[in-house]
Every structure is written in C-alpha cells, then in structure tokens.
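Dumped query.txt below, it's compact mmCIF, C-alpha atoms:
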# COMPACT_ATOMS: atom_id res chain seq x y z
CA MET A 51 146.94 159.60 139.03
CA ALA A 52 148.92 157.35 141.30
CA THR A 53 147.16 155.98 144.35
CA PRO A 54 149.32 154.67 147.18
CA ASN A 55 149.07 151.01 148.08
CA ILE A 56 147.66 151.22 151.62
CA ILE A 57 149.32 147.93 152.57
CA ASN A 58 152.73 149.61 152.11
CA THR A 59 151.73 152.94 153.66
CA SER A 60 154.49 154.59 155.66
CA THR A 61 152.30 157.24 157.32
CA VAL A 62 148.62 157.53 158.26
CA THR A 63 147.54 160.88 159.66
CA GLY A 64 144.14 161.58 161.22
CA ASN A 65 142.49 164.89 160.32
CA LEU A 66 139.36 166.93 160.86
CA ALA A 67 137.88 169.41 158.37
CA VAL A 68 135.03 171.82 159.06
CA LEU A 69 132.89 174.03 156.83
CA SER A 70 130.19 176.58 157.48
CA ALA A 71 128.27 175.69 154.32
CA ASN A 72 126.56 178.25 152.10
CA THR A 73 124.16 178.35 149.16
CA VAL A 74 126.66 179.57 146.56
CA GLY A 75 127.67 176.49 144.59
CA MET A 76 129.50 173.58 146.16
CA SER A 77 132.33 174.41 148.58
CA ASN A 78 135.33 172.13 149.09
CA VAL A 79 135.55 170.46 152.49
CA VAL A 80 138.42 168.02 151.80
CA VAL A 81 140.64 168.11 148.69
CA ASN A 82 143.12 165.49 147.49
CA SER A 83 145.19 167.48 144.99
CA VAL A 84 146.48 165.99 141.74
CA GLY A 85 150.03 164.74 142.30
CA SER A 86 149.69 164.62 146.09
CA GLY A 87 150.83 161.00 146.31
CA GLN A 88 148.12 160.52 148.93
CA LEU A 89 144.96 158.52 149.41
CA ILE A 90 142.32 160.07 151.68
CA LYS A 91 139.84 157.91 153.58
CA ILE A 92 136.69 159.79 154.61
CA ASN A 93 135.53 158.22 157.88
CA THR A 94 132.56 160.35 158.91
CA VAL A 95 130.56 163.32 157.64
CA THR A 96 128.41 165.15 160.18
CA ILE A 97 125.79 167.69 159.09
CA ALA A 98 124.71 169.92 162.00
CA ASN A 99 121.86 172.44 161.73
CA TYR A 100 122.03 175.24 164.29
CA ASN A 101 119.01 177.02 162.77
CA THR A 102 115.52 176.52 164.22
CA SER A 103 114.07 175.58 160.81
CA SER A 104 114.76 172.51 158.70
CA VAL A 105 117.48 172.96 156.07
CA ALA A 106 118.39 170.85 153.03
CA ALA A 107 122.05 169.96 152.52
CA ASN A 108 124.09 168.33 149.74
CA VAL A 109 127.40 166.49 150.02
CA ASP A 110 129.18 165.08 146.99
CA VAL A 111 132.44 163.65 145.69
CA TYR A 112 133.79 165.73 142.82
CA ARG A 113 135.79 163.71 140.29
CA SER A 114 136.83 164.57 136.73
CA GLY A 115 134.44 167.51 136.52
CA VAL A 116 131.39 165.61 137.82
CA GLY A 117 129.77 165.80 141.27
CA TYR A 118 128.54 162.44 142.59
CA LEU A 119 126.04 162.89 145.42
CA ILE A 120 126.53 161.16 148.75
CA ASN A 121 123.66 163.11 150.33
CA GLY A 122 121.27 164.91 148.00
CA ASN A 123 118.92 167.50 149.49
CA ILE A 124 119.01 165.65 152.80
CA VAL A 125 116.71 167.52 155.19
CA VAL A 126 118.27 168.29 158.57
CA PRO A 127 115.63 169.21 161.16
CA GLY A 128 116.13 172.43 163.12
CA GLN A 129 118.73 172.32 165.89
CA SER A 130 119.76 168.76 165.14
CA MET A 131 122.48 166.70 163.47
CA LEU A 132 122.55 163.93 160.88
CA MET A 133 125.35 161.60 159.91
CA GLY A 134 125.96 162.04 156.19
CA LEU A 135 128.51 159.21 156.19
CA THR A 136 129.60 156.83 158.92
CA LYS A 137 132.80 154.87 159.43
CA ASP A 138 131.13 151.60 158.38
CA SER A 139 130.45 153.12 154.93
CA SER A 140 133.67 155.12 154.52
CA ILE A 141 134.89 156.22 151.09
CA TYR A 142 138.27 157.07 149.53
CA LEU A 143 139.31 160.20 147.67
CA ASN A 144 141.92 159.52 144.98
CA GLU A 145 144.24 162.20 143.65
CA GLY A 146 142.19 164.93 142.00
CA ASP A 147 139.03 164.16 144.03
CA SER A 148 137.33 166.44 146.53
CA LEU A 149 134.49 166.23 149.02
CA ARG A 150 132.14 169.22 148.68
CA ALA A 151 128.97 170.55 150.30
CA ASN A 152 126.30 173.22 150.02
CA VAL A 153 122.98 174.03 151.71
CA GLY A 154 119.58 175.58 151.02
CA THR A 155 119.89 178.31 153.68
CA ASN A 156 123.01 180.32 154.55
CA ASN A 157 124.27 180.56 158.12
CA SER A 158 122.62 177.38 159.31
CA ILE A 159 124.75 174.25 158.65
CA HIS A 160 128.19 173.12 159.78
CA ILE A 161 129.80 170.18 158.00
CA THR A 162 132.41 168.23 159.98
CA VAL A 163 134.54 165.56 158.29
CA SER A 164 136.85 163.09 160.02
CA TYR A 165 139.41 161.61 157.61
CA ASP A 166 142.75 159.80 157.36
CA VAL A 167 145.56 160.62 154.91
CA TYR A 168 147.61 157.65 153.68
CA MET A 169 151.10 158.40 152.34

Can the structure in the file be given as structure tokens, please?
Amino acid sequence: MATPNIINTSTVTGNLAVLSANTVGMSNVVVNSVGSGQLIKINTVTIANYNTSSVAANVDVYRSGVGYLINGNIVVPGQSMLMGLTKDSSIYLNEGDSLRANVGTNNSIHITVSYDVYM
C-alpha cells in the first residue's frame, strides 16, 4: 500500500459524503480503495438525528479486516446533531481503509463527512 507524500501532492480535492445509516451491519461512507494512489483526510463527521427519540450511532475506521471505533454507541438526542469528528482531530485513510457507520434505529440518522483527497 503506497501512501502519497502530502508534501509533494499535485492535487487536493475537497469532497462531501452522505449516508442515511441503517442497523444492518456497518455501511461504507468513504472508501480509499487498494491501489488508488490516494490519501484521504477526514475533516469532519456529523451525526444528525431527525427522529424525535434518542438514537445510538457507531462510526469506525475499517482496516485490514478490523473496525476501529471513532464513536461507539454515541447517543444522539432526538432532533439534534453531534460532531463525531472535528477538523482539529482529523484522521487519514490509507489505501484499503474505509470510514463506516451504523445506527440503533433505522430511518433516523444522517452521517455527513467532509474530506480531502490527496493525489
């Protein structure tokens, strides 16, 4: 897995990914495919609950067959939003990594991810 040297990056592209999260396993929000030649910097993760009841949400980084929690069963109060990750604590996804999410109640949580792709 080659990771680009961000000092010598020729292109940085800003992106936004969204997911209506569900309870069936972890769903990919952002994927850095093997062999992409890219490094992805996750700037922010927003977890918005549009249900009236509190809902638990999980966000993880999936690497080499293992999910590493960023937010584990974080409770999002009804009709509110939490920051799962902020720009001052950003993380990188190397080739083969993905950012995933799931929730305790279907049809209640939107995950929004702001990220940069370095090539």

- Task: For each of A:Ala98, A:Ile120, A:Met76, A:Val111, take the minimum atom-to-atom distance to Leu135 of chain A, counting all atoms listed in the file, then give the residue where this is smallest.
- Result: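 Among A:Ala98, A:Ile120, A:Met76, A:Val111, it is A:Ile120 that comes nearest to Leu135 of chain A.
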
- Identify, on the basis of all atoms listed in the file, every residue whose closest approach to segment 126-131 of chain A does not exceed 10 Å; exclude the query and any residue fewer than 4 positions from it along the same chain; express the result as a PyMOL selection string. chain A and resi 96-107+158-161

With C-alpha atoms retained, export the selected residues as a tab-separated table (two decimals), keeping the file's coordinate frame.
chain	number	residue	atom	x	y	z
A	96	THR	CA	128.41	165.15	160.18
A	97	ILE	CA	125.79	167.69	159.09
A	98	ALA	CA	124.71	169.92	162.00
A	99	ASN	CA	121.86	172.44	161.73
A	100	TYR	CA	122.03	175.24	164.29
A	101	ASN	CA	119.01	177.02	162.77
A	102	THR	CA	115.52	176.52	164.22
A	103	SER	CA	114.07	175.58	160.81
A	104	SER	CA	114.76	172.51	158.70
A	105	VAL	CA	117.48	172.96	156.07
A	106	ALA	CA	118.39	170.85	153.03
A	107	ALA	CA	122.05	169.96	152.52
A	158	SER	CA	122.62	177.38	159.31
A	159	ILE	CA	124.75	174.25	158.65
A	160	HIS	CA	128.19	173.12	159.78
A	161	ILE	CA	129.80	170.18	158.00

- Smallest atom-to-atom distance to Asn65 of chain A: which of A:Val163, A:Met169, A:Val79, A:Leu119, using only C-alpha atoms?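 Distance minimum relative to Asn65 of chain A lands on A:Val163.
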
- Task: Anything within 8 Å of (148.1, 161.2, 157.9): list those residues as a list in words, counting all atoms listed in the file and sticking to the file's coordinates.
- Result: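 It turns out the residues near that spot are Thr61, Val62, Thr63, Gly64, Asn65, Asp166, Val167, Tyr168 and Met169 of chain A.
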
- Query: From the set A:Asn152, A:Thr136, A:Asn121, A:Thr94, which residue has the shortest atom-to-atom contact distance to Ser164 of chain A, counting only C-alpha atoms?
  - Reply: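 Checking each candidate against Ser164 of chain A, we get A:Thr94 as the closest.
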
- Message: Give me, as a PyMOL selection string, all polymer residues having an atom no more than 7 Å from Asn108 of chain A, counting only C-alpha atoms and skipping those fewer than 2 positions away in the same chain.
- Response: chain A and resi 110+121-124+151-153

- Query: Rounded to one decimal in Å, what is the spacing between atom CA of Leu89 of chain A and atom CA of Asn144 of chain A?
  - Reply: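 Atom CA of Leu89 of chain A sits 5.5 Å away from atom CA of Asn144 of chain A.
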
- Task: Take atom CA of Ile141 of chain A and atom CA of Thr155 of chain A and report the distance between them in Å, one decimal.
- Result: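 Value for the atom CA of Ile141 of chain A-atom CA of Thr155 of chain A distance: 26.8 Å.
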